[in-house]
Each structure stands twice: as structure tokens, then as C-alpha cells.
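Chemist: Pasting in a structure now, in C-alpha cells, and then I'll have a few things to ask.
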Amino acid sequence: MIDIEEIKQAEAERKSKQDYKAHNKALLKENQALADKIQYYEKAKTIIPKPIKPVFKTGKGEATALTLLSDIHCEEKITKASTNGLNEFNPDICETRVNNYFVNLLKLVNNHRNVVNIDNLVIGLIGDNLHGLIHDEYVSTNYMTPIQATLFITERIEAGLNYIIDNGKFKRIVVVCKVGNHSRTTDKIFGQTELINSYEYFLYKFLENKFAGQIEFLIEENYFSYFDVYDYTISFEHGHAFRYAGGIGGIYPALMRHLSKSYSVKRFDLACMGHWHSTIHIPNALINGCVCGYNDYARRKGFSFEPPKQQFLLINKEKGFTTNEPIFL
């Protein structure tokens, strides 16, 4: 007679042996893995890494510093009340920020001189140094008249250029000058005579005479100016030749159309402009921020806040456009 209990007991013993063998096999596998790790760790302690040997050319390369100074709007009145406490601007603040621009510019240059020779400096002085009277309200809100503002900002930029000459250790300094839309003396923009109908024309010609033999000035009646750095052509403009009509994509659709049209007439490697009070760097364009900073117009329109800053870019002789950094003011 079959004993059911004996069969169950035998089956349980058989299953227990199988479980034991499986568990033992797993433990042996885990033990081997730990042994392998210990062996690897002991071997790793004896490894001496090979030293890094430079495979690049010794010595420093060469680069040119490119910077933009624009949209100072030196006599514009900006209050904390009109910007929800985000910004304030008056002649005293303007003086401080312009001074900081030149001081911080040299700090960036000297930082990069640790790894590359920088003997040449190109400054794009590209307009709207003053706020002007292009709107009626500016008559009552501006801190100064256009003539007073021109004299004020001329003095500040002259002091800044003297600082660069005295402390910059550059072999060559070039200033590319473009007038802005705010500095005009006419009610409307007259394309053919825009330069000579601008308060900034006096500013640029004064500086050119003042620094004759020390700094090269490029002052042209064209809306566009071109300057070659090594094998690269840089285009300079203020930036008011095209309009932003709103919509998705922000300024970029209008900007790309403008760049495409400009490139079809004369090729360039980089377009530099201001006007838009926004710090933007894309492969073929460098757009400058502003010195005056966020104002009530930007606040009402809902534009993104940006602290006052200007553009700095290194052009390496062998590698092209490299480091792009903001100059905080």
C-alpha cells in the first residue's frame, strides 16, 4: 500500500536539496565575483598612469579682441518706480557703467592673455550713445539736451580710450563708428545723409582728431561698414535697418531675413549690431546689449529682463571666432 506521507516527505527532501544546490551555486558565483573585484582592485593599486604629453604646438597663438559699445542713451531717465525696481539710470550711473566697461574689458583681455597673445583690439562703437529727441516726451524726461549729452558722452568715451591706451598694451586699436537712430538731428531718418545729420558725427570726428596717431577710426557714410580681421570680414551696423513685427520667434525671423539680404550683397563672416538692447550670439551675428539697461518701454512691452552688459569676442588667427563673453557693467 502506497504511503502518501512518505511520498510527500521524499518530494520535500528532494526539493530542499535542489534549493540548497541552487543557493550554494549562487553563493559560489557571488563569491567569485567578489574575488574578481578584489583582484582587480589590488591590481589597480599597482598601475602607474602614463603621463600626459602635449601633442599640440608649444608657445602661444595669436588672437584679436573684438568688443561692442552701443546703446548708452546717456541722458535717458530710468527710475526704479517705472521698472518695478529692476533698473535705474541717470548721468552718474551712466558714468560708472561706461567706466566699468573699459575696466572690465581689459580684465577679460588680460585673463585670455595667459593662453594667447592679444596685440590688437577692435571696438565697434555702433550708435545710440545718446537718447536724443526723437520723441516729444524726451524733451521733458531727458536729463540733458542733445548737445549737452554729446559733450558728456564724448568726455566719458575719451577717458575710456585713454585708459585703454595707458593700460591695454595693444599694438593696434581700431574703432569702427556707426551712428544710431536716436542721435539724429532730423525728425525722420535720411539714409543718404544719416551720418552728417547725427550728433554722433561730431563725437566720432572729435575722437578721431583727438587720438590721431594712436587709434585708427573708421567713419563712413554707408549704413554698413566692413573690417577684415585675419581672413574674416566683420560687418558693422547700428541695427535699425529692419523691424521686429512681433510674433513667435521674437527678433530671429526678421534678423535672419536681414542677414540673408545683407550677405547677398556683400559677403561677411560676422555681423555686429546693437539697437535691440539684447545680448545675442549666433554663428553669423553678434548683437549687443545696452548700457542704460531695462526701461519702462521694455517693461510695458513685456520684454525679457537683461542686466546692462556689452559684448566681447575673441578672434583666433587659426581657429576663428572662439570665446564670447559678456562685459557686465
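Chain identifiers are assigned as A, B, and so on, following the order in which chains appear in the C-alpha cells; residues are numbered from 1 within each chain, and ligands are numbered from 1 in order of appearance.
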Could you list, as a ChimeraX atom specification, every residue within 7 Å of range 199-206 of chain A, counting only C-alpha atoms and ignoring same-chain residues fewer than 6 positions away?
Modeler: /A:150,154,177,179,183-185
Chemist: May I ask which of the residues A:Asn104, A:Asn288, A:Thr79, A:Asn111 is the closest one to Thr141 in chain A, counting only C-alpha atoms?
Modeler: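 With only C-alpha atoms as the atom set, the closest residue is A:Thr79.
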Chemist: If you run DSSP over the backbone, which residues in range 34-260 of chain A end up helix (DSSP H, G or I)? Put them as a PyMOL selection string.
Modeler: chain A and resi 34-45+81-83+91-112+138-141+146-167+191-193+199-210+252-260
Chemist: Could you name the residues that touch Leu218 in chain A at 9 Å or less, counting only C-alpha atoms, but leaving out those on the same chain fewer than 5 positions away, as a PyMOL selection string?
Modeler: chain A and resi 174-178+208+225+227
Chemist: Using N, CA and C atoms, can you export the residues from the last selection as a short mmCIF file (atom, residue, chain, number, x, y, z; two decimals), in the first residue's frame?
Modeler:
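Result file is out12.cif:
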```
data_model
loop_
_atom_site.label_atom_id
_atom_site.label_comp_id
_atom_site.auth_asym_id
_atom_site.auth_seq_id
_atom_site.Cartn_x
_atom_site.Cartn_y
_atom_site.Cartn_z
N VAL A 174 41.60 99.76 -33.26
CA VAL A 174 40.74 100.25 -34.34
C VAL A 174 39.34 100.45 -33.78
N VAL A 175 38.76 101.61 -34.07
CA VAL A 175 37.39 101.90 -33.64
C VAL A 175 36.52 102.09 -34.88
N VAL A 176 35.53 101.20 -35.04
CA VAL A 176 34.59 101.28 -36.15
C VAL A 176 33.36 102.02 -35.66
N CYS A 177 33.03 103.15 -36.30
CA CYS A 177 31.97 104.04 -35.80
C CYS A 177 30.72 103.98 -36.68
N LYS A 178 29.58 103.77 -36.05
CA LYS A 178 28.29 103.84 -36.74
C LYS A 178 27.33 104.68 -35.90
N GLU A 208 38.42 111.09 -33.37
CA GLU A 208 39.39 110.78 -34.42
C GLU A 208 40.54 111.79 -34.40
N SER A 225 29.53 99.12 -42.45
CA SER A 225 30.98 99.23 -42.57
C SER A 225 31.57 97.84 -42.44
N PHE A 227 35.19 95.48 -41.92
CA PHE A 227 36.58 95.50 -41.48
C PHE A 227 37.07 94.06 -41.42
#
```
Chemist: Report as a PyMOL selection string all protein, DNA and RNA residues lying within 12 Å of Gly213 in chain A, evaluated on only C-alpha atoms, omitting residues in the same chain fewer than 2 positions from it.
Modeler: chain A and resi 165+171-174+207-211+215-217
Chemist: Which residue out of A:Ser235, A:Asn120, A:Asn31, A:Asn295 has the minimum interatomic distance to Phe268 in chain A when only C-alpha atoms are used?
Modeler: A:Ser235
Chemist: Which parts of range 180-293 of chain A does DSSP call strand (DSSP E or B) when run on the backbone here, written out as a ChimeraX atom specification?
Modeler: /A:184,198,216-219,225-229,232-236,270-273,280-282,285-287
Chemist: Could those residues be written to a file, using N, CA and C atoms, as a compact mmCIF listing (two decimals), in the first residue's frame?
Modeler:
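out-v4.txt was written with the following content:
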```txt
# COMPACT_ATOMS: atom_id res chain seq x y z
N ARG A 184 19.92 111.23 -34.21
CA ARG A 184 19.70 112.07 -35.39
C ARG A 184 19.20 113.46 -35.01
N SER A 198 23.73 113.58 -37.65
CA SER A 198 23.73 112.91 -36.35
C SER A 198 24.67 113.62 -35.40
N GLU A 216 43.09 104.09 -34.74
CA GLU A 216 42.53 104.21 -36.09
C GLU A 216 41.00 104.26 -35.99
N PHE A 217 40.40 105.24 -36.65
CA PHE A 217 38.94 105.37 -36.67
C PHE A 217 38.42 105.12 -38.08
N LEU A 218 37.38 104.30 -38.16
CA LEU A 218 36.70 104.05 -39.43
C LEU A 218 35.33 104.71 -39.35
N ILE A 219 35.19 105.85 -40.05
CA ILE A 219 33.94 106.61 -40.03
C ILE A 219 33.46 106.74 -41.47
N SER A 225 29.53 99.12 -42.45
CA SER A 225 30.98 99.23 -42.57
C SER A 225 31.57 97.84 -42.44
N TYR A 226 32.66 97.59 -43.15
CA TYR A 226 33.29 96.27 -43.15
C TYR A 226 34.75 96.41 -42.75
N PHE A 227 35.19 95.48 -41.92
CA PHE A 227 36.58 95.50 -41.48
C PHE A 227 37.07 94.06 -41.42
N ASP A 228 38.25 93.82 -41.96
CA ASP A 228 38.82 92.47 -42.01
C ASP A 228 39.75 92.22 -40.83
N VAL A 229 39.54 91.11 -40.17
CA VAL A 229 40.43 90.62 -39.11
C VAL A 229 40.93 89.26 -39.56
N TYR A 232 38.84 86.99 -41.91
CA TYR A 232 37.42 87.12 -41.62
C TYR A 232 36.95 88.55 -41.84
N THR A 233 35.80 88.69 -42.47
CA THR A 233 35.22 90.01 -42.71
C THR A 233 34.11 90.26 -41.71
N ILE A 234 34.23 91.36 -40.99
CA ILE A 234 33.25 91.72 -39.96
C ILE A 234 32.41 92.87 -40.48
N SER A 235 31.10 92.73 -40.41
CA SER A 235 30.17 93.79 -40.81
C SER A 235 29.68 94.51 -39.56
N PHE A 236 29.63 95.86 -39.66
CA PHE A 236 29.18 96.67 -38.53
C PHE A 236 28.00 97.54 -38.98
N LEU A 270 30.82 87.71 -39.97
CA LEU A 270 30.12 88.04 -38.72
C LEU A 270 29.52 89.42 -38.85
N ALA A 271 28.24 89.56 -38.48
CA ALA A 271 27.56 90.85 -38.47
C ALA A 271 27.45 91.33 -37.03
N CYS A 272 27.91 92.55 -36.77
CA CYS A 272 27.84 93.14 -35.43
C CYS A 272 26.84 94.29 -35.44
N MET A 273 25.95 94.31 -34.47
CA MET A 273 24.96 95.37 -34.40
C MET A 273 24.49 95.57 -32.97
N ILE A 280 22.89 88.81 -27.92
CA ILE A 280 22.64 87.60 -28.72
C ILE A 280 23.90 87.25 -29.49
N HIS A 281 24.24 85.97 -29.51
CA HIS A 281 25.36 85.50 -30.33
C HIS A 281 24.93 84.23 -31.06
N ILE A 282 24.82 84.33 -32.36
CA ILE A 282 24.56 83.19 -33.22
C ILE A 282 25.75 83.08 -34.17
N ALA A 285 26.21 86.29 -36.34
CA ALA A 285 25.82 87.61 -35.85
C ALA A 285 26.12 87.77 -34.37
N LEU A 286 26.54 88.99 -34.02
CA LEU A 286 26.81 89.35 -32.64
C LEU A 286 26.00 90.61 -32.35
N ILE A 287 24.98 90.48 -31.51
CA ILE A 287 24.10 91.61 -31.20
C ILE A 287 24.37 92.08 -29.78
```
Chemist: Using only C-alpha atoms, pick whichever of A:Thr83, A:Tyr244, A:Gly61, A:Pro51 has the shortest atom-to-atom distance to Tyr297 in chain A.
Modeler: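 Among the listed residues, A:Thr83 lies closest to Tyr297 in chain A.
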